[in-house]
>>> print(open('coords-v4.csv').read())   # CSV, C-alpha atoms
chain,number,residue,atom,x,y,z
A,1,MET,CA,-3.0,0.2,3.2
A,2,THR,CA,0.1,0.5,5.3
A,3,ALA,CA,3.6,-1.1,4.9
A,4,LEU,CA,5.6,-2.4,7.7
A,5,TYR,CA,9.4,-2.4,7.8
A,6,LEU,CA,11.5,-4.1,10.5
A,7,HIS,CA,15.2,-3.3,10.8
A,8,ILE,CA,17.2,-6.3,12.1
A,9,PRO,CA,20.6,-4.8,12.8
A,10,PHE,CA,22.8,-7.9,13.0
A,11,CYS,CA,25.6,-9.1,10.8
A,12,GLU,CA,28.1,-11.9,11.3
A,13,SER,CA,30.7,-9.6,9.9
A,14,ARG,CA,30.7,-6.1,8.2
A,15,CYS,CA,31.1,-5.7,4.5
A,16,ILE,CA,33.6,-3.1,3.4
A,17,TYR,CA,31.1,-1.0,1.4
A,18,CYS,CA,28.1,-1.0,3.7
A,19,ASP,CA,27.0,2.1,5.8
A,20,PHE,CA,23.7,0.7,7.0
A,21,PHE,CA,23.3,0.5,10.8
A,22,SER,CA,24.3,-2.9,12.0
A,23,SER,CA,26.1,-4.8,14.8
A,24,THR,CA,28.2,-7.9,15.1
A,25,GLN,CA,27.1,-8.7,18.7
A,26,GLY,CA,26.0,-12.2,19.6
A,27,ASP,CA,23.0,-14.3,20.5
A,28,ALA,CA,22.3,-12.8,24.0
A,29,VAL,CA,21.9,-9.4,22.5
A,30,LYS,CA,19.6,-10.8,19.8
A,31,GLU,CA,17.2,-12.1,22.4
A,32,ARG,CA,17.0,-8.8,24.2
A,33,PHE,CA,16.6,-7.0,20.8
A,34,THR,CA,13.7,-9.2,19.9
A,35,THR,CA,11.9,-8.4,23.2
A,36,ALA,CA,12.5,-4.7,22.5
A,37,LEU,CA,11.3,-5.0,18.9
A,38,CYS,CA,8.1,-6.7,19.9
A,39,SER,CA,7.5,-4.0,22.5
A,40,GLU,CA,7.9,-1.3,19.8
A,41,LEU,CA,5.6,-3.2,17.4
A,42,ALA,CA,2.8,-3.3,20.0
A,43,ALA,CA,3.3,0.3,21.2
A,44,ARG,CA,3.1,1.7,17.7
A,45,SER,CA,0.2,-0.3,16.3
A,46,ASN,CA,-2.1,2.7,16.5
A,47,GLU,CA,0.0,4.3,13.8
A,48,ALA,CA,-1.6,2.0,11.3
A,49,CYS,CA,-4.8,4.1,11.8
A,50,GLY,CA,-7.0,1.1,11.2
A,51,ASN,CA,-5.4,0.3,7.9
A,52,SER,CA,-4.4,-3.2,7.0
A,53,ILE,CA,-0.8,-4.2,6.5
A,54,SER,CA,-0.2,-4.9,2.8
A,55,THR,CA,3.5,-5.6,2.9
A,56,ILE,CA,6.0,-6.6,5.5
A,57,TYR,CA,9.8,-6.3,4.9
A,58,PHE,CA,12.6,-7.6,7.2
A,59,GLY,CA,15.7,-5.7,6.3
A,60,GLY,CA,19.0,-4.9,7.9
A,61,GLY,CA,21.6,-5.8,8.7
A,62,THR,CA,21.0,-9.5,8.1
A,63,PRO,CA,17.5,-10.7,9.2
A,64,SER,CA,18.5,-14.3,8.5
A,65,GLN,CA,20.9,-14.0,11.4
A,66,LEU,CA,17.9,-14.2,13.8
A,67,PRO,CA,17.0,-17.7,15.0
A,68,THR,CA,13.6,-18.9,13.8
A,69,ARG,CA,12.2,-18.9,17.4
A,70,GLN,CA,12.9,-15.1,17.6
A,71,LEU,CA,11.4,-14.5,14.1
A,72,LEU,CA,8.3,-16.5,15.2
A,73,ARG,CA,8.0,-14.2,18.3
A,74,ILE,CA,8.1,-11.2,16.0
A,75,PHE,CA,5.5,-12.6,13.6
A,76,ASP,CA,3.2,-13.5,16.6
A,77,THR,CA,3.5,-9.9,17.8
A,78,ILE,CA,2.7,-8.5,14.4
A,79,HIS,CA,-0.5,-10.6,14.0
A,80,ALA,CA,-1.6,-9.8,17.5
A,81,ASN,CA,-1.4,-6.1,16.9
A,82,TYR,CA,-2.0,-5.5,13.2
A,83,ALA,CA,-4.5,-6.6,10.6
A,84,VAL,CA,-2.3,-8.3,7.9
A,85,GLU,CA,-3.9,-8.8,4.5
A,86,THR,CA,-4.2,-12.4,3.4
A,87,ASP,CA,-2.2,-11.8,0.3
A,88,ALA,CA,0.4,-9.5,1.9
A,89,GLU,CA,3.8,-9.6,0.4
A,90,ILE,CA,6.2,-10.7,3.2
A,91,THR,CA,9.9,-10.4,2.4
A,92,LEU,CA,12.9,-11.4,4.4
A,93,GLU,CA,16.5,-10.5,3.4
A,94,ALA,CA,18.9,-13.3,3.7
A,95,ASN,CA,22.6,-14.0,3.1
A,96,PRO,CA,23.4,-17.2,1.2
A,97,GLU,CA,25.3,-18.8,4.1
A,98,ASP,CA,22.2,-18.7,6.3
A,99,VAL,CA,20.0,-20.5,3.9
A,100,SER,CA,19.0,-24.1,4.6
A,101,THR,CA,15.9,-26.2,3.8
A,102,ALA,CA,14.8,-26.2,7.4
A,103,PHE,CA,15.2,-22.4,7.7
A,104,VAL,CA,13.3,-21.7,4.5
A,105,LYS,CA,10.5,-24.1,5.5
A,106,ALA,CA,10.2,-22.4,8.9
A,107,LEU,CA,10.0,-19.0,7.2
A,108,MET,CA,7.2,-20.3,4.9
A,109,GLY,CA,5.3,-21.5,7.9
A,110,MET,CA,5.4,-18.0,9.3
A,111,GLY,CA,4.0,-16.6,6.0
A,112,VAL,CA,7.2,-15.4,4.3
A,113,ASN,CA,6.5,-15.6,0.5
A,114,ARG,CA,9.4,-13.5,-0.9
A,115,MET,CA,13.1,-13.7,-0.2
A,116,SER,CA,15.8,-11.2,-1.1
A,117,MET,CA,19.4,-12.3,-1.1
A,118,GLY,CA,22.5,-10.2,-1.1
A,119,VAL,CA,24.7,-12.0,-3.6
A,120,GLN,CA,26.6,-8.9,-4.9
A,121,SER,CA,28.8,-10.9,-7.2
A,122,PHE,CA,29.5,-14.4,-8.5
A,123,ASP,CA,33.2,-13.8,-8.7
A,124,ASP,CA,34.9,-15.4,-5.6
A,125,LYS,CA,37.8,-13.0,-5.7
A,126,ILE,CA,35.5,-10.0,-5.6
A,127,LEU,CA,33.4,-11.6,-2.9
A,128,SER,CA,36.5,-12.1,-0.8
A,129,PHE,CA,37.6,-8.5,-1.4
A,130,LEU,CA,34.1,-7.3,-0.3
A,131,HIS,CA,34.4,-9.4,2.9
A,132,ARG,CA,31.3,-11.4,1.9
A,133,ARG,CA,31.2,-14.8,3.8
A,134,HIS,CA,29.7,-16.8,0.9
A,135,ASN,CA,31.2,-17.9,-2.4
A,136,SER,CA,29.7,-18.2,-5.8
A,137,ASP,CA,28.7,-21.9,-5.4
A,138,LYS,CA,26.9,-21.2,-2.1
A,139,ALA,CA,25.0,-18.3,-3.7
A,140,ARG,CA,23.8,-20.5,-6.5
A,141,ALA,CA,22.9,-23.3,-4.2
A,142,ALA,CA,21.0,-21.0,-1.8
A,143,VAL,CA,18.8,-19.6,-4.6
A,144,ARG,CA,18.0,-23.1,-5.9
A,145,GLU,CA,17.2,-24.3,-2.3
A,146,ILE,CA,14.8,-21.5,-1.7
A,147,SER,CA,13.1,-22.2,-5.1
A,148,ASP,CA,13.0,-26.0,-4.4
A,149,CYS,CA,11.3,-25.3,-1.0
A,150,GLY,CA,8.4,-23.6,-2.9
A,151,ILE,CA,9.1,-19.8,-2.7
A,152,GLY,CA,8.7,-18.6,-6.2
A,153,ASN,CA,9.4,-14.9,-5.6
A,154,ILE,CA,13.2,-14.6,-5.2
A,155,SER,CA,15.2,-11.4,-5.6
A,156,ILE,CA,19.0,-11.1,-5.6
A,157,ASP,CA,21.2,-8.0,-5.3
A,158,LEU,CA,24.2,-7.4,-7.5
A,159,ILE,CA,26.8,-4.7,-7.5
A,160,TYR,CA,28.7,-3.4,-10.6
A,161,GLY,CA,31.5,-0.9,-11.0
A,162,LEU,CA,33.6,-2.9,-8.5
A,163,PRO,CA,37.3,-2.5,-8.3
A,164,GLY,CA,38.9,-4.9,-10.7
A,165,GLN,CA,35.6,-5.8,-12.3
A,166,SER,CA,35.7,-5.9,-16.1
A,167,ILE,CA,32.8,-5.7,-18.6
A,168,ASP,CA,33.3,-9.4,-19.3
A,169,GLY,CA,33.2,-10.1,-15.5
A,170,TRP,CA,29.9,-8.2,-15.2
A,171,GLN,CA,28.5,-10.2,-18.2
A,172,LYS,CA,29.4,-13.4,-16.4
A,173,ASP,CA,27.6,-12.2,-13.3
A,174,LEU,CA,24.5,-11.5,-15.3
A,175,ASN,CA,24.8,-14.9,-17.0
A,176,CYS,CA,24.9,-16.5,-13.6
A,177,ALA,CA,22.0,-14.5,-12.3
A,178,PHE,CA,19.7,-15.4,-15.2
A,179,GLY,CA,20.7,-19.0,-15.0
A,180,LEU,CA,18.9,-19.1,-11.6
A,181,PRO,CA,15.2,-19.2,-10.8
A,182,ILE,CA,14.9,-15.5,-9.8
A,183,SER,CA,12.0,-13.3,-10.4
A,184,HIS,CA,13.6,-9.9,-9.4
A,185,LEU,CA,17.0,-8.3,-9.7
A,186,SER,CA,18.3,-5.2,-7.9
A,187,ALA,CA,21.6,-3.9,-9.3
A,188,TYR,CA,23.5,-1.0,-7.9
A,189,SER,CA,26.6,0.9,-8.9
A,190,LEU,CA,29.2,0.7,-6.2
A,191,THR,CA,29.4,3.9,-4.1
A,192,PHE,CA,32.2,4.9,-1.7
A,193,GLU,CA,30.2,5.8,1.4
A,194,ARG,CA,32.0,7.9,4.0
A,195,GLU,CA,33.3,6.1,7.1
A,196,THR,CA,33.2,2.7,5.5
A,197,ALA,CA,36.2,0.5,5.2
A,198,LEU,CA,36.0,0.9,1.4
A,199,TRP,CA,36.1,4.7,1.8
A,200,ARG,CA,39.2,4.5,3.9
A,201,MET,CA,40.9,2.2,1.4
A,202,HIS,CA,40.1,4.7,-1.3
A,203,GLU,CA,41.4,7.7,0.8
A,204,GLU,CA,44.6,5.8,1.4
A,205,GLY,CA,45.1,5.0,-2.3
A,206,PHE,CA,44.5,1.2,-2.1
A,207,VAL,CA,41.5,1.2,-4.5
A,208,GLU,CA,40.2,3.5,-7.1
A,209,GLU,CA,36.7,4.2,-8.3
A,210,THR,CA,35.7,2.6,-11.6
A,211,ASP,CA,35.7,5.0,-14.5
A,212,ASP,CA,32.3,6.5,-15.2
A,213,GLU,CA,32.4,5.3,-18.8
A,214,ILE,CA,32.9,1.7,-17.8
A,215,SER,CA,30.1,1.9,-15.2
A,216,LEU,CA,27.8,3.4,-17.8
A,217,ARG,CA,28.6,0.5,-20.2
A,218,MET,CA,27.9,-1.9,-17.4
A,219,TYR,CA,24.6,-0.2,-16.7
A,220,ASP,CA,23.6,-0.3,-20.3
A,221,LEU,CA,24.5,-4.0,-20.5
A,222,LEU,CA,22.4,-4.6,-17.4
A,223,CYS,CA,19.4,-2.8,-18.9
A,224,SER,CA,19.7,-4.7,-22.3
A,225,ARG,CA,20.1,-8.0,-20.7
A,226,CYS,CA,17.2,-7.6,-18.3
A,227,GLU,CA,15.0,-6.5,-21.2
A,228,ALA,CA,16.0,-9.6,-23.2
A,229,GLU,CA,15.2,-11.8,-20.2
A,230,GLY,CA,11.7,-10.3,-19.9
A,231,PHE,CA,12.5,-8.4,-16.7
A,232,GLY,CA,10.7,-5.0,-16.7
A,233,HIS,CA,12.8,-2.0,-15.7
A,234,TYR,CA,10.3,-0.5,-13.2
A,235,GLU,CA,12.8,1.6,-11.1
A,236,ILE,CA,16.3,2.9,-11.8
A,237,SER,CA,18.0,0.0,-10.0
A,238,ASN,CA,15.2,-2.6,-10.0
A,239,PHE,CA,14.0,-5.1,-12.6
A,240,SER,CA,11.4,-7.9,-12.4
A,241,LYS,CA,9.4,-10.4,-14.3
A,242,PRO,CA,5.8,-9.3,-14.8
A,243,GLY,CA,3.9,-9.2,-11.5
A,244,TYR,CA,7.0,-9.6,-9.4
A,245,HIS,CA,8.0,-6.0,-8.7
A,246,SER,CA,8.7,-5.3,-5.0
A,247,ARG,CA,5.3,-4.2,-3.7
A,248,HIS,CA,7.0,-3.0,-0.5
A,249,ASN,CA,9.7,-0.9,-2.1
A,250,SER,CA,7.1,0.6,-4.4
A,251,SER,CA,5.3,1.9,-1.4
A,252,TYR,CA,8.3,4.2,-0.8
A,253,TRP,CA,7.8,5.7,-4.3
A,254,ASN,CA,4.0,6.0,-4.4
A,255,ASP,CA,3.2,7.8,-1.1
A,256,THR,CA,2.0,4.8,0.8
A,257,PRO,CA,2.3,5.2,4.6
A,258,TYR,CA,4.8,2.9,6.3
A,259,ILE,CA,5.8,2.1,9.8
A,260,GLY,CA,9.5,1.4,10.4
A,261,VAL,CA,10.5,-0.4,13.7
A,262,GLY,CA,14.0,-1.1,15.0
A,263,PRO,CA,17.0,1.1,15.5
A,264,SER,CA,17.6,3.5,12.5
A,265,ALA,CA,14.2,2.6,10.9
A,266,HIS,CA,12.3,5.2,9.0
A,267,SER,CA,8.5,5.8,9.0
A,268,TYR,CA,6.1,8.0,7.1
A,269,ASP,CA,2.5,8.8,7.9
A,270,GLY,CA,1.5,9.3,4.3
A,271,LYS,CA,0.8,12.9,4.8
A,272,ASP,CA,3.1,15.3,6.7
A,273,VAL,CA,5.5,13.5,9.0
A,274,ARG,CA,8.6,11.4,8.6
A,275,ARG,CA,10.2,9.7,11.6
A,276,ARG,CA,13.7,8.2,12.1
A,277,ASN,CA,14.5,6.0,15.0
A,278,ALA,CA,17.9,6.6,16.6
A,279,SER,CA,20.8,4.4,15.4
A,280,ASP,CA,21.5,3.1,18.9
A,281,LEU,CA,21.2,-0.7,19.6
A,282,GLU,CA,22.0,-0.5,23.3
A,283,GLY,CA,19.7,2.4,23.8
A,284,TYR,CA,16.9,0.7,21.8
A,285,ILE,CA,17.2,-2.4,24.0
A,286,ALA,CA,17.4,-0.5,27.3
A,287,SER,CA,14.3,1.5,26.4
A,288,GLU,CA,12.4,-1.6,25.3
A,289,GLY,CA,12.0,-0.3,21.8
A,290,LEU,CA,10.9,3.2,22.8
A,291,THR,CA,14.3,4.8,22.1
A,292,GLY,CA,14.7,8.4,20.9
A,293,HIS,CA,13.6,9.4,17.4
A,294,THR,CA,13.5,12.5,15.3
A,295,LEU,CA,10.4,13.9,13.5
A,296,GLU,CA,10.4,15.9,10.3
A,297,VAL,CA,7.3,17.8,9.5
A,298,LEU,CA,7.1,18.3,5.7
A,299,ASN,CA,6.2,21.6,4.1
A,300,GLU,CA,4.7,22.0,0.6
A,301,LYS,CA,8.2,22.4,-0.9
A,302,ASP,CA,9.3,19.1,0.7
A,303,LYS,CA,6.2,17.3,-0.5
A,304,TYR,CA,6.7,18.6,-4.0
A,305,ASN,CA,10.4,17.6,-4.1
A,306,ASP,CA,9.6,14.1,-2.8
A,307,PHE,CA,6.8,13.7,-5.3
A,308,VAL,CA,8.9,14.6,-8.2
A,309,PHE,CA,12.0,12.8,-7.1
A,310,THR,CA,10.3,9.5,-6.5
A,311,ALA,CA,8.1,9.6,-9.6
A,312,LEU,CA,11.0,10.3,-12.0
A,313,ARG,CA,12.9,7.3,-10.5
A,314,THR,CA,10.2,4.9,-11.7
A,315,ARG,CA,9.1,3.7,-15.2
A,316,GLU,CA,5.6,5.0,-14.5
A,317,GLY,CA,7.1,8.5,-14.5
A,318,LEU,CA,5.8,11.8,-13.4
A,319,ASP,CA,2.1,12.5,-14.1
A,320,LEU,CA,1.8,16.2,-14.8
A,321,LYS,CA,-2.0,16.2,-14.2
A,322,SER,CA,-1.5,14.8,-10.7
A,323,LEU,CA,1.3,17.3,-10.1
A,324,GLU,CA,-1.0,20.2,-11.0
A,325,GLU,CA,-3.8,18.8,-8.8
A,326,ARG,CA,-1.5,18.5,-5.8
A,327,PHE,CA,0.9,21.5,-6.2
A,328,GLY,CA,-0.8,23.9,-8.6
A,329,ARG,CA,0.0,25.5,-11.9
A,330,ASN,CA,3.2,27.4,-11.0
A,331,ARG,CA,5.0,24.2,-10.0
A,332,THR,CA,3.7,22.4,-13.1
A,333,ARG,CA,4.8,25.3,-15.3
A,334,PHE,CA,8.3,25.1,-13.7
A,335,VAL,CA,8.5,21.4,-14.5
A,336,ASN,CA,7.4,21.9,-18.1
A,337,GLU,CA,10.0,24.6,-18.6
A,338,VAL,CA,12.8,22.3,-17.3
A,339,ALA,CA,11.4,19.5,-19.4
A,340,LYS,CA,11.7,21.5,-22.6
A,341,ARG,CA,15.4,21.6,-22.2
A,342,HIS,CA,15.6,17.9,-21.4
A,343,LEU,CA,13.4,16.9,-24.2
A,344,ARG,CA,15.6,18.7,-26.7
A,345,ILE,CA,18.7,16.8,-25.6
A,346,GLY,CA,17.0,13.4,-25.1
A,347,LEU,CA,17.1,13.2,-21.3
A,348,VAL,CA,13.3,12.8,-20.9
A,349,GLU,CA,10.4,11.7,-23.0
A,350,LYS,CA,6.8,12.7,-22.8
A,351,ASN,CA,3.7,10.6,-23.5
A,352,GLY,CA,0.5,12.6,-22.9
A,353,SER,CA,0.7,13.9,-19.4
A,354,ILE,CA,3.5,11.5,-18.3
A,355,LEU,CA,7.1,12.6,-18.2
A,356,ARG,CA,9.8,10.0,-17.7
A,357,LEU,CA,13.5,9.7,-17.9
A,358,THR,CA,15.0,8.2,-21.1
A,359,ARG,CA,17.3,5.2,-20.8
A,360,ARG,CA,20.2,7.5,-21.5
A,361,ALA,CA,19.4,9.6,-18.5
A,362,LEU,CA,18.9,6.8,-16.0
A,363,PHE,CA,22.5,6.3,-15.2
A,364,THR,CA,22.9,10.0,-14.2
A,365,SER,CA,19.4,10.2,-12.8
A,366,ASP,CA,20.2,12.2,-9.7
A,367,ASP,CA,21.8,15.0,-11.8
A,368,VAL,CA,18.9,15.1,-14.2
A,369,ILE,CA,16.2,15.0,-11.5
A,370,SER,CA,18.0,17.7,-9.4
A,371,ASP,CA,17.0,20.2,-12.2
A,372,TYR,CA,13.3,19.7,-11.1
A,373,ILE,CA,14.0,20.1,-7.4
A,374,ILE,CA,13.1,23.4,-5.6
A,375,ILE,CA,15.9,24.6,-3.4
A,376,ASP,CA,14.6,27.8,-1.9
>>> encode(input="coords-v4.csv", output="structure tokens")
Amino acid sequence: MTALYLHIPFCESRCIYCDFFSSTQGDAVKERFTTALCSELAARSNEACGNSISTIYFGGGTPSQLPTRQLLRIFDTIHANYAVETDAEITLEANPEDVSTAFVKALMGMGVNRMSMGVQSFDDKILSFLHRRHNSDKARAAVREISDCGIGNISIDLIYGLPGQSIDGWQKDLNCAFGLPISHLSAYSLTFERETALWRMHEEGFVEETDDEISLRMYDLLCSRCEAEGFGHYEISNFSKPGYHSRHNSSYWNDTPYIGVGPSAHSYDGKDVRRRNASDLEGYIASEGLTGHTLEVLNEKDKYNDFVFTALRTREGLDLKSLEERFGRNRTRFVNEVAKRHLRIGLVEKNGSILRLTRRALFTSDDVISDYIIID
């Protein structure tokens, strides 16, 4: 199986925290972009290597900024060039202000069966600070509208550790989220990415990062509440009802090959090569989707590091038997030696051949996992 990712790099306005590649250019550019995207889709169909497409994910940017006629062109191109499984998971990211009954019905007619919405917060003051265009009422209404149209697989994104956000405020956000017909929740601690407006505000002293202890309490509250609501914690930042985990995102963690089209999109052949398209919208359009890209050929160390890093981020954990089969006894011995220290201080747990992070270690997962990474 192969996964397909499409990067739609358009936003009505730019949020202060976002460092994803996007543009605020208008409709004329969107039409030309769609032509280029369809060209790239057709040109790279051989990379599926005869595999069927098991998941399709429209990310961005804001895919819901594309008119339905352009989305239909893209879907027609996909089906003309790829074998899409009948039960493929097809996700489109949307912002609440773009949601309408007509839009959702049109998406369903194209095969979209999962929607992911960037809510981020249900606090109107925080939404305004983040430069989000929707308010809390619109976010709630959008989720209900999607559900009423018949899409039962709805994910929302929330952010915690926001400037001015309290524990009580985060509790209210979770109350709002679980009062809606969602099946999946992604929740992220705010990060101050370089070159974003938020980063500059931080550098100039206008905002401060939330204290780590408060963020940790928020994460612990998130985990407890999701567990109480029956949402399984299947990856560090992702929770879902049984059977509603993101099949597409899981492909990034389980070595499934994926094709990424659009400017800045990433691809992986499932074996040795990763590809990254240039972050250049005008160049992408001018070249009809065949813009420059970089290739990274993975060596055994890279493959080992990727295998360990992605496995330990998930609830399934790291299978030491699979590790030894793929990378040999020396690598497995190294992991077991590191794990001895982590077991003693409660950062990992071991069940048979499965090694996984404890809940205590999840919040600082990058620091813990880095101990298993080979540098030289």
>>> closest_residue(input="coords-v4.csv", among="A:Thr310, A:Phe20, A:Gly346, A:Glu229", to="Ser250 of chain A", atoms="only C-alpha atoms")
A:Thr310
>>> residues_around(input="coords-v4.csv", residues="His131 of chain A", least_positions_apart="2", cutoff="6 Å", atoms="only C-alpha atoms", output="PDB file with C-alpha atoms, in the coordinates of the input")
ATOM      1  CA  CYS A  15      31.100  -5.700   4.500  1.00  0.00           C
ATOM      2  CA  SER A 128      36.500 -12.100  -0.800  1.00  0.00           C
ATOM      3  CA  PHE A 129      37.600  -8.500  -1.400  1.00  0.00           C
TER       4      PHE A 129
END
>>> atom_distance(input="coords-v4.csv", atom1="atom CA of Ile78 of chain A", atom2="atom CA of Cys49 of chain A")
14.9 Å
>>> residues_around(input="coords-v4.csv", residues="Arg225 of chain A", least_positions_apart="3", cutoff="12 Å", atoms="all atoms listed in the file", output="list of chain:residue names")
A:Trp170, A:Gln171, A:Lys172, A:Asp173, A:Leu174, A:Asn175, A:Ala177, A:Phe178, A:Leu185, A:Met218, A:Tyr219, A:Asp220, A:Leu221, A:Leu222, A:Ala228, A:Glu229, A:Gly230, A:Phe231, A:Gly232, A:His233, A:Phe239
>>> atom_distance(input="coords-v4.csv", atom1="atom CA of Ser370 of chain A", atom2="atom CA of Thr358 of chain A")
15.4 Å
